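Structure file upload-v2.cif; described as mmCIF, C-alpha atoms and all ligand atoms.
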data_structure
#
loop_
_atom_site.group_PDB
_atom_site.id
_atom_site.type_symbol
_atom_site.label_atom_id
_atom_site.label_comp_id
_atom_site.auth_asym_id
_atom_site.auth_seq_id
_atom_site.Cartn_x
_atom_site.Cartn_y
_atom_site.Cartn_z
ATOM 1 C CA MET A 544 29.038 -2.293 -30.415
ATOM 2 C CA PRO A 545 30.585 -3.604 -27.190
ATOM 3 C CA HIS A 546 28.352 -5.496 -24.788
ATOM 4 C CA SER A 547 27.698 -3.221 -21.845
ATOM 5 C CA HIS A 548 26.099 -4.226 -18.576
ATOM 6 C CA ALA A 549 24.707 -0.734 -18.250
ATOM 7 C CA ASP A 550 22.664 -1.522 -21.353
ATOM 8 C CA ARG A 551 20.018 -3.034 -19.057
ATOM 9 C CA PRO A 552 20.541 -1.414 -15.648
ATOM 10 C CA VAL A 553 19.065 -3.525 -12.842
ATOM 11 C CA GLY A 554 17.602 -2.063 -9.680
ATOM 12 C CA ALA A 555 14.713 -1.978 -7.261
ATOM 13 C CA HIS A 556 11.979 0.124 -5.765
ATOM 14 C CA ALA A 557 13.805 2.041 -3.024
ATOM 15 C CA PRO A 558 12.456 3.450 0.254
ATOM 16 C CA VAL A 559 12.766 7.189 0.836
ATOM 17 C CA ALA A 560 12.197 7.548 4.589
ATOM 18 C CA GLY A 561 15.048 9.646 5.944
ATOM 19 C CA GLY A 562 15.391 11.786 2.815
ATOM 20 C CA LEU A 563 14.612 11.075 -0.825
ATOM 21 C CA ALA A 564 18.234 11.215 -1.994
ATOM 22 C CA THR A 565 19.936 10.094 1.212
ATOM 23 C CA ALA A 566 17.738 7.026 1.740
ATOM 24 C CA SER A 567 17.335 5.893 -1.869
ATOM 25 C CA LEU A 568 21.011 6.263 -2.767
ATOM 26 C CA ARG A 569 22.140 4.498 0.413
ATOM 27 C CA TYR A 570 19.685 1.702 -0.419
ATOM 28 C CA ALA A 571 20.921 1.498 -4.018
ATOM 29 C CA THR A 572 24.494 1.099 -2.802
ATOM 30 C CA ALA A 573 23.508 -1.497 -0.202
ATOM 31 C CA ILE A 574 21.669 -3.743 -2.679
ATOM 32 C CA GLY A 575 23.856 -3.105 -5.728
ATOM 33 C CA ALA A 576 21.125 -1.304 -7.668
ATOM 34 C CA GLU A 577 22.024 0.397 -10.967
ATOM 35 C CA ALA A 578 18.547 1.945 -11.244
ATOM 36 C CA ILE A 579 15.885 2.939 -8.732
ATOM 37 C CA GLN A 580 12.197 3.653 -8.524
ATOM 38 C CA VAL A 581 10.791 5.799 -5.718
ATOM 39 C CA PHE A 582 7.565 7.255 -4.404
ATOM 40 C CA VAL A 583 7.614 11.058 -4.184
ATOM 41 C CA THR A 584 4.344 11.255 -2.235
ATOM 42 C CA ASN A 585 2.453 8.889 0.077
ATOM 43 C CA PRO A 586 1.474 6.033 -2.300
ATOM 44 C CA ARG A 587 -1.832 5.491 -0.473
ATOM 45 C CA ALA A 588 -2.980 9.108 -0.210
ATOM 46 C CA TRP A 589 -3.989 12.032 -2.422
ATOM 47 C CA ALA A 590 -1.734 14.486 -0.617
ATOM 48 C CA LEU A 591 0.882 16.362 -2.628
ATOM 49 C CA SER A 592 4.361 16.759 -1.186
ATOM 50 C CA PRO A 593 6.599 19.711 -1.984
ATOM 51 C CA GLY A 594 9.740 17.693 -1.343
ATOM 52 C CA ASP A 595 13.026 18.932 0.063
ATOM 53 C CA PRO A 596 14.953 21.068 -2.443
ATOM 54 C CA GLY A 597 18.296 19.950 -0.987
ATOM 55 C CA GLN A 598 17.408 16.259 -1.384
ATOM 56 C CA ASP A 599 16.026 16.877 -4.879
ATOM 57 C CA ARG A 600 19.242 18.582 -5.920
ATOM 58 C CA GLU A 601 21.374 15.795 -4.460
ATOM 59 C CA LEU A 602 19.513 13.118 -6.394
ATOM 60 C CA ARG A 603 19.413 15.189 -9.578
ATOM 61 C CA GLU A 604 23.171 15.781 -9.384
ATOM 62 C CA HIS A 605 23.812 12.084 -8.742
ATOM 63 C CA VAL A 606 21.754 11.205 -11.823
ATOM 64 C CA ALA A 607 23.608 13.798 -13.900
ATOM 65 C CA ALA A 608 26.987 12.503 -12.725
ATOM 66 C CA THR A 609 26.311 8.760 -12.997
ATOM 67 C CA GLY A 610 23.490 8.399 -15.525
ATOM 68 C CA MET A 611 21.605 6.207 -13.073
ATOM 69 C CA PRO A 612 18.024 5.746 -14.295
ATOM 70 C CA VAL A 613 15.460 6.963 -11.743
ATOM 71 C CA PHE A 614 11.728 6.426 -11.995
ATOM 72 C CA VAL A 615 8.782 7.591 -9.907
ATOM 73 C CA HIS A 616 5.819 5.341 -9.178
ATOM 74 C CA ALA A 617 2.602 7.333 -8.918
ATOM 75 C CA PRO A 618 0.220 6.680 -5.978
ATOM 76 C CA TYR A 619 -2.163 3.714 -6.131
ATOM 77 C CA LEU A 620 -5.330 5.762 -5.617
ATOM 78 C CA ILE A 621 -5.004 7.256 -9.079
ATOM 79 C CA ASN A 622 -7.576 5.928 -11.529
ATOM 80 C CA VAL A 623 -7.741 7.845 -14.789
ATOM 81 C CA GLY A 624 -10.654 5.668 -15.975
ATOM 82 C CA SER A 625 -12.826 6.211 -12.909
ATOM 83 C CA PRO A 626 -16.512 7.072 -13.401
ATOM 84 C CA ASP A 627 -16.124 9.544 -10.498
ATOM 85 C CA PRO A 628 -15.140 12.983 -11.866
ATOM 86 C CA VAL A 629 -13.571 13.951 -8.520
ATOM 87 C CA THR A 630 -11.279 10.907 -8.655
ATOM 88 C CA ARG A 631 -10.297 11.768 -12.226
ATOM 89 C CA GLU A 632 -9.577 15.386 -11.316
ATOM 90 C CA ARG A 633 -7.463 14.356 -8.318
ATOM 91 C CA SER A 634 -5.707 11.770 -10.482
ATOM 92 C CA ALA A 635 -4.746 14.368 -13.073
ATOM 93 C CA GLY A 636 -3.519 16.744 -10.366
ATOM 94 C CA LEU A 637 -1.437 14.101 -8.631
ATOM 95 C CA LEU A 638 0.042 12.914 -11.920
ATOM 96 C CA ALA A 639 1.033 16.454 -12.898
ATOM 97 C CA HIS A 640 2.587 16.834 -9.448
ATOM 98 C CA SER A 641 4.430 13.498 -9.742
ATOM 99 C CA LEU A 642 5.783 14.510 -13.151
ATOM 100 C CA SER A 643 7.120 17.813 -11.833
ATOM 101 C CA ARG A 644 8.671 16.087 -8.780
ATOM 102 C CA CYS A 645 10.171 13.487 -11.114
ATOM 103 C CA ALA A 646 11.743 16.269 -13.189
ATOM 104 C CA ALA A 647 13.149 17.845 -10.019
ATOM 105 C CA ILE A 648 15.042 14.655 -9.125
ATOM 106 C CA GLY A 649 16.285 14.001 -12.661
ATOM 107 C CA GLY A 650 13.897 11.063 -13.180
ATOM 108 C CA ARG A 651 13.088 9.546 -16.556
ATOM 109 C CA GLY A 652 9.458 8.635 -16.104
ATOM 110 C CA VAL A 653 6.413 8.411 -13.869
ATOM 111 C CA VAL A 654 4.772 4.977 -13.772
ATOM 112 C CA VAL A 655 0.989 5.013 -13.522
ATOM 113 C CA HIS A 656 -1.392 2.072 -13.479
ATOM 114 C CA ALA A 657 -3.495 2.046 -16.644
ATOM 115 C CA GLY A 658 -6.672 2.292 -14.584
ATOM 116 C CA SER A 659 -10.056 0.676 -14.353
ATOM 117 C CA ALA A 660 -13.403 1.540 -15.922
ATOM 118 C CA ILE A 661 -15.263 0.192 -12.853
ATOM 119 C CA GLU A 662 -18.538 0.820 -14.757
ATOM 120 C CA PRO A 663 -20.198 0.605 -17.193
ATOM 121 C CA ASP A 664 -17.608 -0.723 -19.650
ATOM 122 C CA ARG A 665 -14.119 -0.439 -21.048
ATOM 123 C CA ALA A 666 -15.088 1.947 -23.862
ATOM 124 C CA ALA A 667 -16.363 4.478 -21.335
ATOM 125 C CA GLY A 668 -13.240 3.970 -19.241
ATOM 126 C CA LEU A 669 -10.976 4.607 -22.228
ATOM 127 C CA ARG A 670 -12.845 7.841 -23.019
ATOM 128 C CA ARG A 671 -12.301 8.978 -19.428
ATOM 129 C CA ALA A 672 -8.626 7.977 -19.542
ATOM 130 C CA ARG A 673 -8.279 10.078 -22.686
ATOM 131 C CA GLU A 674 -9.952 13.123 -21.118
ATOM 132 C CA THR A 675 -7.834 12.774 -17.990
ATOM 133 C CA LEU A 676 -4.455 12.004 -19.515
ATOM 134 C CA LEU A 677 -4.261 14.096 -22.702
ATOM 135 C CA PRO A 678 -3.988 17.430 -20.816
ATOM 136 C CA VAL A 679 -1.399 15.880 -18.440
ATOM 137 C CA LEU A 680 0.654 14.605 -21.378
ATOM 138 C CA ALA A 681 0.338 17.922 -23.238
ATOM 139 C CA ALA A 682 1.739 19.807 -20.226
ATOM 140 C CA ILE A 683 4.981 17.786 -20.054
ATOM 141 C CA PRO A 684 7.880 20.052 -21.063
ATOM 142 C CA ALA A 685 10.210 18.935 -23.848
ATOM 143 C CA ASP A 686 12.940 17.979 -21.365
ATOM 144 C CA GLY A 687 10.541 16.504 -18.806
ATOM 145 C CA PRO A 688 9.989 12.848 -17.871
ATOM 146 C CA ASP A 689 7.624 10.553 -19.782
ATOM 147 C CA LEU A 690 4.397 9.162 -18.413
ATOM 148 C CA LEU A 691 4.687 5.362 -18.347
ATOM 149 C CA ILE A 692 1.475 3.356 -18.554
ATOM 150 C CA GLU A 693 1.607 0.072 -16.619
ATOM 151 C CA PRO A 694 -0.868 -2.690 -17.576
ATOM 152 C CA MET A 695 -2.317 -4.503 -14.572
ATOM 153 C CA ALA A 696 -3.005 -8.137 -13.741
ATOM 154 C CA GLY A 697 -6.537 -7.969 -15.117
ATOM 155 C CA GLN A 698 -8.825 -7.819 -12.098
ATOM 156 C CA GLY A 699 -12.179 -6.066 -12.481
ATOM 157 C CA GLN A 700 -12.678 -3.711 -15.416
ATOM 158 C CA MET A 701 -8.976 -3.051 -16.022
ATOM 159 C CA LEU A 702 -8.455 -0.815 -19.052
ATOM 160 C CA CYS A 703 -5.223 -2.542 -19.907
ATOM 161 C CA ALA A 704 -3.871 -5.949 -18.877
ATOM 162 C CA THR A 705 -2.714 -7.817 -21.986
ATOM 163 C CA ILE A 706 -0.370 -6.508 -24.665
ATOM 164 C CA ALA A 707 -3.323 -6.458 -27.081
ATOM 165 C CA ASP A 708 -5.076 -4.014 -24.719
ATOM 166 C CA LEU A 709 -2.256 -1.513 -25.276
ATOM 167 C CA GLY A 710 -3.461 -0.786 -28.821
ATOM 168 C CA PRO A 711 -6.876 0.662 -27.860
ATOM 169 C CA TYR A 712 -5.353 2.380 -24.817
ATOM 170 C CA LEU A 713 -2.672 4.209 -26.800
ATOM 171 C CA ASP A 714 -5.247 4.880 -29.525
ATOM 172 C CA ALA A 715 -7.317 6.665 -26.875
ATOM 173 C CA LEU A 716 -4.237 8.785 -26.104
ATOM 174 C CA ASP A 717 -3.728 9.560 -29.814
ATOM 175 C CA TRP A 718 -0.345 7.792 -29.494
ATOM 176 C CA HIS A 719 0.943 10.816 -27.615
ATOM 177 C CA PRO A 720 4.747 10.847 -27.918
ATOM 178 C CA ARG A 721 5.185 11.238 -24.134
ATOM 179 C CA ALA A 722 3.168 8.112 -23.369
ATOM 180 C CA GLY A 723 5.596 5.257 -22.727
ATOM 181 C CA LEU A 724 5.096 1.799 -21.251
ATOM 182 C CA CYS A 725 6.175 -0.028 -18.131
ATOM 183 C CA LEU A 726 5.668 -3.779 -18.422
ATOM 184 C CA ASP A 727 5.457 -5.824 -15.240
ATOM 185 C CA THR A 728 6.271 -9.514 -15.749
ATOM 186 C CA CYS A 729 3.993 -10.595 -12.889
ATOM 187 C CA HIS A 730 1.071 -8.616 -14.321
ATOM 188 C CA LEU A 731 1.606 -9.944 -17.860
ATOM 189 C CA PHE A 732 1.751 -13.504 -16.560
ATOM 190 C CA ALA A 733 -1.343 -13.030 -14.401
ATOM 191 C CA ALA A 734 -3.161 -11.471 -17.366
ATOM 192 C CA GLY A 735 -2.555 -14.639 -19.408
ATOM 193 C CA HIS A 736 0.794 -14.200 -21.170
ATOM 194 C CA ASP A 737 2.504 -17.515 -20.438
ATOM 195 C CA LEU A 738 6.102 -16.330 -20.272
ATOM 196 C CA THR A 739 7.205 -19.869 -19.371
ATOM 197 C CA ALA A 740 6.069 -21.320 -22.723
ATOM 198 C CA ALA A 741 8.691 -22.114 -25.371
ATOM 199 C CA ASP A 742 7.908 -18.924 -27.315
ATOM 200 C CA GLY A 743 6.383 -17.086 -24.344
ATOM 201 C CA VAL A 744 8.829 -14.198 -23.994
ATOM 202 C CA ALA A 745 9.662 -13.941 -27.709
ATOM 203 C CA GLY A 746 5.960 -14.095 -28.559
ATOM 204 C CA ALA A 747 5.020 -11.393 -26.067
ATOM 205 C CA LEU A 748 7.789 -9.097 -27.297
ATOM 206 C CA ALA A 749 6.853 -9.737 -30.924
ATOM 207 C CA GLU A 750 3.260 -8.850 -30.076
ATOM 208 C CA LEU A 751 4.504 -5.714 -28.315
ATOM 209 C CA ALA A 752 6.579 -4.766 -31.363
ATOM 210 C CA GLY A 753 3.450 -5.110 -33.498
ATOM 211 C CA THR A 754 1.069 -3.346 -31.124
ATOM 212 C CA ALA A 755 3.109 -0.574 -29.520
ATOM 213 C CA PRO A 756 6.540 -0.394 -31.150
ATOM 214 C CA GLY A 757 9.194 1.756 -29.496
ATOM 215 C CA ARG A 758 7.116 2.532 -26.403
ATOM 216 C CA LEU A 759 8.772 0.316 -23.773
ATOM 217 C CA ARG A 760 10.704 2.386 -21.209
ATOM 218 C CA LEU A 761 10.861 0.173 -18.103
ATOM 219 C CA VAL A 762 10.418 -3.447 -17.007
ATOM 220 C CA HIS A 763 9.118 -4.310 -13.559
ATOM 221 C CA ALA A 764 10.863 -7.645 -13.028
ATOM 222 C CA ASN A 765 8.711 -9.584 -10.588
ATOM 223 C CA ASP A 766 8.074 -13.297 -10.311
ATOM 224 C CA ALA A 767 4.457 -14.335 -9.653
ATOM 225 C CA LYS A 768 2.959 -16.202 -6.714
ATOM 226 C CA ASP A 769 -0.060 -17.279 -8.769
ATOM 227 C CA PRO A 770 -0.384 -19.297 -11.976
ATOM 228 C CA CYS A 771 -0.605 -17.839 -15.478
ATOM 229 C CA GLY A 772 -4.014 -16.278 -16.113
ATOM 230 C CA SER A 773 -4.817 -15.980 -12.394
ATOM 231 C CA ARG A 774 -5.505 -12.234 -12.709
ATOM 232 C CA ARG A 775 -3.999 -11.953 -9.245
ATOM 233 C CA ASP A 776 -1.281 -9.383 -8.592
ATOM 234 C CA ARG A 777 0.982 -11.007 -6.014
ATOM 235 C CA HIS A 778 4.700 -10.501 -6.644
ATOM 236 C CA GLU A 779 7.238 -13.185 -5.750
ATOM 237 C CA ASN A 780 11.027 -13.191 -5.533
ATOM 238 C CA ILE A 781 12.877 -13.833 -8.784
ATOM 239 C CA GLY A 782 13.099 -17.534 -9.608
ATOM 240 C CA THR A 783 11.005 -18.716 -6.674
ATOM 241 C CA GLY A 784 7.558 -18.135 -8.192
ATOM 242 C CA GLN A 785 5.522 -19.493 -11.108
ATOM 243 C CA ILE A 786 7.612 -17.699 -13.754
ATOM 244 C CA GLY A 787 11.052 -19.000 -12.751
ATOM 245 C CA THR A 788 14.429 -17.805 -13.999
ATOM 246 C CA ALA A 789 14.446 -18.876 -17.670
ATOM 247 C CA PRO A 790 11.913 -16.278 -18.921
ATOM 248 C CA PHE A 791 13.836 -13.504 -17.144
ATOM 249 C CA ALA A 792 17.069 -14.678 -18.766
ATOM 250 C CA GLU A 793 15.385 -14.615 -22.168
ATOM 251 C CA LEU A 794 13.903 -11.173 -21.554
ATOM 252 C CA LEU A 795 17.309 -9.839 -20.467
ATOM 253 C CA HIS A 796 18.941 -11.098 -23.672
ATOM 254 C CA HIS A 797 16.228 -10.137 -26.156
ATOM 255 C CA PRO A 798 17.212 -7.288 -28.510
ATOM 256 C CA ASP A 799 13.944 -5.463 -27.823
ATOM 257 C CA THR A 800 14.914 -4.848 -24.183
ATOM 258 C CA SER A 801 18.227 -3.249 -25.110
ATOM 259 C CA GLY A 802 18.581 0.005 -23.178
ATOM 260 C CA ILE A 803 15.624 -0.755 -20.899
ATOM 261 C CA PRO A 804 16.111 -0.669 -17.094
ATOM 262 C CA PHE A 805 14.780 -3.599 -15.010
ATOM 263 C CA VAL A 806 13.444 -2.777 -11.550
ATOM 264 C CA VAL A 807 12.288 -5.390 -9.023
ATOM 265 C CA GLU A 808 9.299 -4.813 -6.730
ATOM 266 C CA THR A 809 9.570 -8.068 -4.832
ATOM 267 C CA PRO A 810 8.916 -9.061 -1.207
ATOM 268 C CA GLY A 811 11.468 -9.539 1.567
ATOM 269 C CA GLY A 812 12.561 -5.972 2.181
ATOM 270 C CA GLN A 813 16.175 -4.988 1.615
ATOM 271 C CA GLU A 814 17.432 -8.590 1.803
ATOM 272 C CA GLY A 815 14.887 -9.746 -0.758
ATOM 273 C CA HIS A 816 15.783 -6.877 -3.082
ATOM 274 C CA ALA A 817 19.522 -7.495 -2.689
ATOM 275 C CA ARG A 818 19.058 -11.167 -3.603
ATOM 276 C CA ASP A 819 16.741 -10.386 -6.521
ATOM 277 C CA VAL A 820 18.897 -7.593 -7.950
ATOM 278 C CA ALA A 821 21.874 -9.986 -7.793
ATOM 279 C CA ALA A 822 19.802 -12.751 -9.409
ATOM 280 C CA VAL A 823 18.634 -10.551 -12.286
ATOM 281 C CA LYS A 824 22.180 -9.254 -12.847
ATOM 282 C CA ARG A 825 23.489 -12.839 -12.923
ATOM 283 C CA LEU A 826 20.904 -13.805 -15.541
ATOM 284 C CA ARG A 827 21.800 -10.728 -17.549
ATOM 285 C CA ASP A 828 25.561 -11.161 -17.317
ATOM 286 C CA ARG A 829 25.879 -14.850 -18.040
ATOM 287 C CA SER A 830 26.379 -15.712 -21.673
ATOM 288 C CA GLY A 831 23.307 -16.606 -23.678
ATOM 289 C CA PRO A 832 19.687 -16.814 -22.543
ATOM 290 C CA ASP A 833 20.081 -20.443 -21.480
ATOM 291 C CA GLY A 834 23.550 -20.133 -20.032
ATOM 292 C CA ASN A 835 24.700 -22.330 -22.908
ATOM 293 C CA GLY A 836 27.895 -20.462 -23.518
ATOM 294 C CA LYS A 837 26.604 -18.584 -26.536
ATOM 295 C CA PRO A 838 27.631 -14.951 -26.095
ATOM 296 C CA ALA A 839 24.770 -12.518 -25.713
ATOM 297 C CA LEU A 840 26.292 -10.199 -28.296
ATOM 298 C CA ALA A 841 26.269 -12.969 -30.896
ATOM 299 C CA THR A 842 22.637 -13.694 -30.037
ATOM 300 C CA ARG A 843 21.716 -10.093 -30.637
ATOM 301 C CA ARG A 844 23.657 -9.968 -33.883
ATOM 302 C CA ASP A 845 22.033 -13.203 -35.081
ATOM 303 C CA LEU A 846 18.588 -11.843 -34.391
ATOM 304 C CA ALA A 847 19.360 -8.497 -35.998
ATOM 305 C CA GLY A 848 20.618 -10.384 -39.053
ATOM 306 C CA LYS A 849 17.388 -12.336 -39.309
ATOM 307 C CA LYS A 850 15.336 -9.157 -39.258
ATOM 308 C CA SER A 851 17.084 -7.429 -42.141
HETATM 309 ZN ZN ZN A 901 4.871 -3.067 -11.235
HETATM 310 ZN ZN ZN A 902 1.916 -5.648 -9.211
#

Write the structure described by the file as structure tokens, please.
Ligand SMILES: [Zn+2]
Ligand SMILES: [Zn+2]
Amino acid sequence: MPHSHADRPVGAHAPVAGGLATASLRYATAIGAEAIQVFVTNPRAWALSPGDPGQDRELREHVAATGMPVFVHAPYLINVGSPDPVTRERSAGLLAHSLSRCAAIGGRGVVVHAGSAIEPDRAAGLRRARETLLPVLAAIPADGPDLLIEPMAGQGQMLCATIADLGPYLDALDWHPRAGLCLDTCHLFAAGHDLTAADGVAGALAELAGTAPGRLRLVHANDAKDPCGSRRDRHENIGTGQIGTAPFAELLHHPDTSGIPFVVETPGGQEGHARDVAAVKRLRDRSGPDGNGKPALATRRDLAGKKS
């Protein structure tokens, strides 16, 4: 199998002001993005948005022609574990809406934060997440996008922060086939996964393979402003935070991320994204996780050989 750069498309969260397709595709070109993530409604509101059919068609046709992976990030107000039934009902409605808008633009998945129990405890929160999400998952058509659960940094009563938390969470969803995962490097690091340790990345991916095999659909590649275990969710530009470049290089060369898009959600606007997309591509395209001249393909083959 030839080594293909498109195997791990690299991109960024793209703005949509000025037209969903027009703005996001112009942005992708400007920063060299091979994948994009967008909001399809106001990320800080409950309001639904019908979208512009012309823009939807343009993006959908671009995706069909180029194969560019497109993802939708659901609004931040959504909390499927909330003790407030009104919040849960609105969350389900907005997720269903986001999934249908995602389908209209040819997107692969809708990213949603795993949610918080708030009170009284995680078990109650997981029951509410189940009640809220199972009908949403059941309504996804066969050719529709997946719902991608994103673990958070671990503040408050988060239902899912560490990789170990994914087991009970997906259990609560009966391992629904349309439930995928979006892992954010900043969140994992903040939740206590020390990606900078010698076996940090390999260990986390091995744990993921044991806990939720075959579920990873997207990586949010963000460096972290705060130290490992901080439980603080503050993204930093690639290589300039507490994670540094080496763990990203390792992640980009690990066989378990084959076929997975990497999207940055880093500060600094378009310039920051352009720099970070270029940085992640460089780490991906240089040979070997440590830049030691060992071809990435050989690394993958070695690892595959060890498995069998
Ligand atoms: Zn993220
Ligand atoms: Zn974050």

Select from chain A every residue with an atom at most 9 Å from any atom of ligand ZN 902 (chain A), then for each give the shortest pair of atoms and their distance in Å to one decimal, using all atoms listed in the file, rows by chain and rising number, as a Markdown table.
| residue | atom | partner | partner_atom | distance |
| --- | --- | --- | --- | --- |
| A:Met695 | CA | A:ZN902 | ZN | 6.9 |
| A:Ala696 | CA | A:ZN902 | ZN | 7.1 |
| A:Asp727 | CA | A:ZN902 | ZN | 7.0 |
| A:Thr728 | CA | A:ZN902 | ZN | 8.8 |
| A:Cys729 | CA | A:ZN902 | ZN | 6.5 |
| A:His730 | CA | A:ZN902 | ZN | 6.0 |
| A:His763 | CA | A:ZN902 | ZN | 8.5 |
| A:Asn765 | CA | A:ZN902 | ZN | 8.0 |
| A:Arg775 | CA | A:ZN902 | ZN | 8.6 |
| A:Asp776 | CA | A:ZN902 | ZN | 5.0 |
| A:Arg777 | CA | A:ZN902 | ZN | 6.3 |
| A:His778 | CA | A:ZN902 | ZN | 6.2 |
| A:Glu808 | CA | A:ZN902 | ZN | 7.8 |

Take the PyMOL selection byres (((chain A and resi 644-660) around 7) and not hetatm), run it mentally on this structure, and tell me the resulting residues as a ChimeraX atom specification. /A:583,599-600,602-603,606,612-617,622-626,640-643,661-665,667-668,687-695,700-703,725

All file atoms of segment 552-555 of chain A boxed axis-aligned, 4 Å per side, centre plus edges, as JSON:
{"center_x": 17.6, "center_y": -2.5, "center_z": -11.5, "size_x": 13.8, "size_y": 10.1, "size_z": 16.4}

Return as a short mmCIF file (atom, residue, chain, number, x, y, z; two decimals) with C-alpha atoms, in the coordinates of the input the set of residues that the PyMOL selection byres (((chain A and resi 786-800) around 6) and not hetatm) yields on the displayed structure.
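Listing of out13.cif after writing:
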data_model
loop_
_atom_site.label_atom_id
_atom_site.label_comp_id
_atom_site.auth_asym_id
_atom_site.auth_seq_id
_atom_site.Cartn_x
_atom_site.Cartn_y
_atom_site.Cartn_z
CA LEU A 738 6.10 -16.33 -20.27
CA THR A 739 7.20 -19.87 -19.37
CA ASP A 766 8.07 -13.30 -10.31
CA GLY A 782 13.10 -17.53 -9.61
CA GLY A 784 7.56 -18.14 -8.19
CA GLN A 785 5.52 -19.49 -11.11
CA SER A 801 18.23 -3.25 -25.11
CA ILE A 803 15.62 -0.76 -20.90
CA LEU A 826 20.90 -13.80 -15.54
CA ARG A 827 21.80 -10.73 -17.55
CA PRO A 832 19.69 -16.81 -22.54
CA ARG A 843 21.72 -10.09 -30.64
#

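Atom pair atom CA of Pro711 of chain A / atom CA of Gly697 of chain A has a distance of 15.4 Å (rounded to one decimal).
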
Pick the closest to ligand ZN 901 (chain A) from A:Gln813, A:Tyr619, A:Thr754, A:Tyr570: which is it, counting all atoms listed in the file? A:Tyr619

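Taking only C-alpha atoms and all ligand atoms into account, ligand ZN 901 (chain A) lies nearest to A:Thr809 out of the set A:Gln698, A:Ser830, A:Thr809, A:Thr705.
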
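One finds atom CA of Ala734 of chain A at 23.6 Å from atom CA of Pro586 of chain A.
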
So, with all atoms listed in the file as the atoms that count, which of A:Gln580, A:Gln598, A:Thr565, A:Thr675 lies closest to ligand ZN 901 (chain A)? A:Gln580

Taking 2 positions as the minimum chain separation for residues in the same chain, which residues sit within 7 Å of Val553 of chain A when counting only C-alpha atoms? Answer as a ChimeraX atom specification. /A:551,576-578,804-806,820,824
